[in-house]
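Student: Quick one: structure below, then a few questions.
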Amino acid sequence: MIRKPVIGVTLGDAAGIGPELVVKVLQIADVRNLATWVLIGDERVLNQGQKDAGQTLSYRNIQNIEQIDNKDELYFIDLHNLSTDAYTQGQLSVDSGKATGETLTYALKLAQQKKLDGFVFAPINKAALHSGGFHFQDELHFFASLLDCKEGFSEINVLGDLWFTRVTSHVPLKEVSGLVKKERVGRIIRFAQQTLLNAGFENPRIAVAALNPHAGDNGLLGMEEIEEIQPAIKEAQEQGIQVDGPYPADTIFLRLKTNPFDCLVSMYHDQAQTGMKLMGFNKGVTVSGGLPVIITTPAHGTAFDIAGQGIADPGATEQAMKLAVKLAGF
């Protein structure tokens with residue numbers, strides 16, 4: 001019998017659309033059959049998700065991961081850490097943020113102990129997580145801290161066969177140019193190379209976006225391309241990495257038709273995220289790359305504006321769950 005991976009799924013911020021999304025995706029037979037899924041959170045929140053989705057899940061409650069004995073069942077570990085009376089859907093909640101952090105910590109420890117082959121978390125709210133007592137720049141740095149990872153990690157997004165990563169992420173735009181340095185750009189290029197190799201690409205093609213308009217226009221519009229980005233690209237090429245650029249960001253997605261690439265390295269968050277979400281908002285996935293555990297999540301937020309309405313699109317969550325299985329080697 002072929003072994004199925006055991007993959008955890010957390011419900012995300014309860015005030016958002018996460019619980020609804022999880023319930024909807026687990027109705028899909030080909031997703032349900034890919035893995036032994038272990039839901040982790042508060043059962044009251046899961047019941048809310050079933051109500052919002054207008055669908056029910058058949059699952060078995062267990063106290064701990066060792067109680068899994070049938071790979072074809074859906075399991076639920078109830079942490080009893082959030083009452084639905086403690087928050088209002090569609091509104092930022094300290095209590096929900098605290099429960100989110102606790103639940104992510106629980107799932108991460110199971111994955112670190114190899115009791116899960118990886119986990120998927122439904123959308124969370126960074127401000128709620130922070131207000132709930134988890135004071136990190138973002139969830140990636142939260143995970144890295146708990147895993148005692150000091151370097152070599154970064155977010156990477158996936159849309160079909162196209163991957164995206166970035167030199168800077170959740171920082172104010174006014175700080176970006178000061179962070180675009182040769183060493184940092186080179187590190188992200190190497191990170192992209194290794195991540196795609198781990199994902200099964202034999203010789204990934206990497207394109208690097210410029211920081212400034214017109215790729216700096218030979219220094220007229222900025223020197224970062226000449227002094228930092230180009231030297232990093234040249235060094236990576238000398239190391240055998242198939243990487244080119246820097247290309248003007250306003251036309252880089254057009255290159256996919258004439259000179260396709262497998263991964264785009266952008267200089268800041270919205271530079272690639274905007275194009276990716278226009279290409280497939282309901283399919284994008286975020287991977288917490290470079291960590292010793294597999295963690296994926298849909299590449300969109302908690303959508304407080306539609307929480308509780310039953311209209312959330314589960315497409316990106318479906319892709320996040322499928323990618324977690326793939327990255328786990330199944």
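Just remember, in the structure tokens the first chain shown is A, the second B, etc., residues are 1-based per chain, and ligands are 1-based in the order shown.
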Give me the residues near Lys115 in chain A as a list in words, where near means some atom within 12 Å (using only C-alpha atoms) and where sequence neighbours in that chain fewer than 2 positions away do not count.

Tutor: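 So, after excluding close chain neighbours, the residues are Pro5, Val6, Ile7, Gly8, Thr36, Val38, Asn64, Ile65, Glu66, Gln67, Ile68, Tyr106, Ala107, Leu108, Lys109, Leu110, Ala111, Gln112, Gln113, Asp117, Gly118, Phe119 and Val293 of chain A.
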
Student: With a distance cut-off of 10 Å and only C-alpha atoms, select the neighbouring residues of Gly290 in chain A, excluding the residue or stretch itself and same-chain residues fewer than 5 positions from it, and output the selection as JSON, numbers by chain.

Tutor: {"A": [144, 149, 151, 152, 153, 154, 155, 156, 191, 192, 194, 195]}

Student: Residues of range 111-230 of chain A classed as helix (DSSP H, G or I) by DSSP on the backbone are to be reported as a ChimeraX atom specification.

Tutor: /A:111-112,126-131,139-146,173-179,182-198,213-216,224-230

Student: Any idea what's packed within 7 Å of Met267 in chain A, counting only C-alpha atoms, ignoring anything in its chain fewer than 2 positions away? Could you give it as a list of chain:residue names?

Tutor: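 In the requested form, the answer reads A:Arg166, A:Val167, A:Thr168, A:Ala209, A:Ala210, A:Leu211, A:Val265, A:Gln271.
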
Student: Any idea what's packed within 9 Å of Glu139 in chain A, counting only C-alpha atoms, ignoring anything in its chain fewer than 6 positions away? Could you give it as an mmCIF file with N, CA and C atoms, in the first residue's frame?

Tutor:
data_model
loop_
_atom_site.group_PDB
_atom_site.id
_atom_site.type_symbol
_atom_site.label_atom_id
_atom_site.label_comp_id
_atom_site.auth_asym_id
_atom_site.auth_seq_id
_atom_site.Cartn_x
_atom_site.Cartn_y
_atom_site.Cartn_z
ATOM 1 N N ILE A 124 -3.951 34.073 7.773
ATOM 2 C CA ILE A 124 -3.862 34.690 9.088
ATOM 3 C C ILE A 124 -3.721 36.205 8.925
ATOM 4 N N LYS A 126 -1.577 39.383 10.234
ATOM 5 C CA LYS A 126 -0.319 39.696 10.925
ATOM 6 C C LYS A 126 -0.537 40.642 12.099
ATOM 7 N N LEU A 129 -2.014 38.637 14.916
ATOM 8 C CA LEU A 129 -0.976 37.780 15.494
ATOM 9 C C LEU A 129 -0.083 38.595 16.420
ATOM 10 N N SER A 288 6.880 28.888 2.928
ATOM 11 C CA SER A 288 7.916 29.352 3.859
ATOM 12 C C SER A 288 9.183 28.573 3.536
#

Student: Can you tell me, as a compact mmCIF listing (two decimals) with C-alpha atoms, in the first residue's frame, what residues are no more than 6 Å from range 203-208 of chain A when counting only C-alpha atoms, ignoring any on the same chain fewer than 6 positions away?

Tutor:
# COMPACT_ATOMS: atom_id res chain seq x y z
CA GLN A 242 21.03 30.12 -15.05
CA VAL A 243 20.07 33.67 -14.09
CA ASP A 244 19.67 36.87 -16.10
CA GLY A 245 18.70 40.50 -15.59
CA PRO A 246 18.12 42.96 -14.15
CA PHE A 261 11.65 31.77 -16.87
CA ASP A 262 10.83 29.51 -13.93
CA CYS A 263 11.39 31.97 -11.11
CA LEU A 264 11.26 35.73 -10.76
CA VAL A 265 13.43 37.43 -8.15

Student: May I ask which of the residues A:Leu11, A:Asp161, A:Val94, A:Gln55 is the closest one to Asp78 in chain A, counting only C-alpha atoms?

Tutor: A:Leu11

Student: Compile the contact shell of Leu327 in chain A as an mmCIF file with all heavy atoms, in the first residue's frame: residues with an atom at most 8 Å away, counting only C-alpha atoms, same-chain residues fewer than 4 positions apart removed.

Tutor:
data_model
loop_
_atom_site.group_PDB
_atom_site.id
_atom_site.type_symbol
_atom_site.label_atom_id
_atom_site.label_comp_id
_atom_site.auth_asym_id
_atom_site.auth_seq_id
_atom_site.Cartn_x
_atom_site.Cartn_y
_atom_site.Cartn_z
ATOM 1 N N ALA A 199 12.352 21.310 -5.518
ATOM 2 C CA ALA A 199 10.990 21.098 -6.004
ATOM 3 C C ALA A 199 10.944 20.277 -7.291
ATOM 4 O O ALA A 199 9.861 20.010 -7.814
ATOM 5 C CB ALA A 199 10.297 22.440 -6.224
ATOM 6 N N ILE A 294 8.017 21.672 5.932
ATOM 7 C CA ILE A 294 7.240 22.141 4.781
ATOM 8 C C ILE A 294 6.019 22.892 5.278
ATOM 9 O O ILE A 294 5.203 22.344 6.027
ATOM 10 C CB ILE A 294 6.842 20.958 3.886
ATOM 11 C CG1 ILE A 294 8.091 20.380 3.223
ATOM 12 C CG2 ILE A 294 5.817 21.382 2.850
ATOM 13 C CD1 ILE A 294 7.912 19.019 2.646
ATOM 14 N N LEU A 323 0.263 21.545 -3.047
ATOM 15 C CA LEU A 323 1.701 21.810 -3.099
ATOM 16 C C LEU A 323 2.413 21.241 -1.868
ATOM 17 O O LEU A 323 3.539 20.743 -1.970
ATOM 18 C CB LEU A 323 1.963 23.290 -3.243
ATOM 19 C CG LEU A 323 3.436 23.703 -3.413
ATOM 20 C CD1 LEU A 323 4.042 23.054 -4.656
ATOM 21 C CD2 LEU A 323 3.562 25.220 -3.489
#

Student: Determine which residues of range 89-146 of chain A DSSP labels as strand (DSSP E or B) from the backbone of this structure, then write them out as a count of residues only.

Tutor: 4
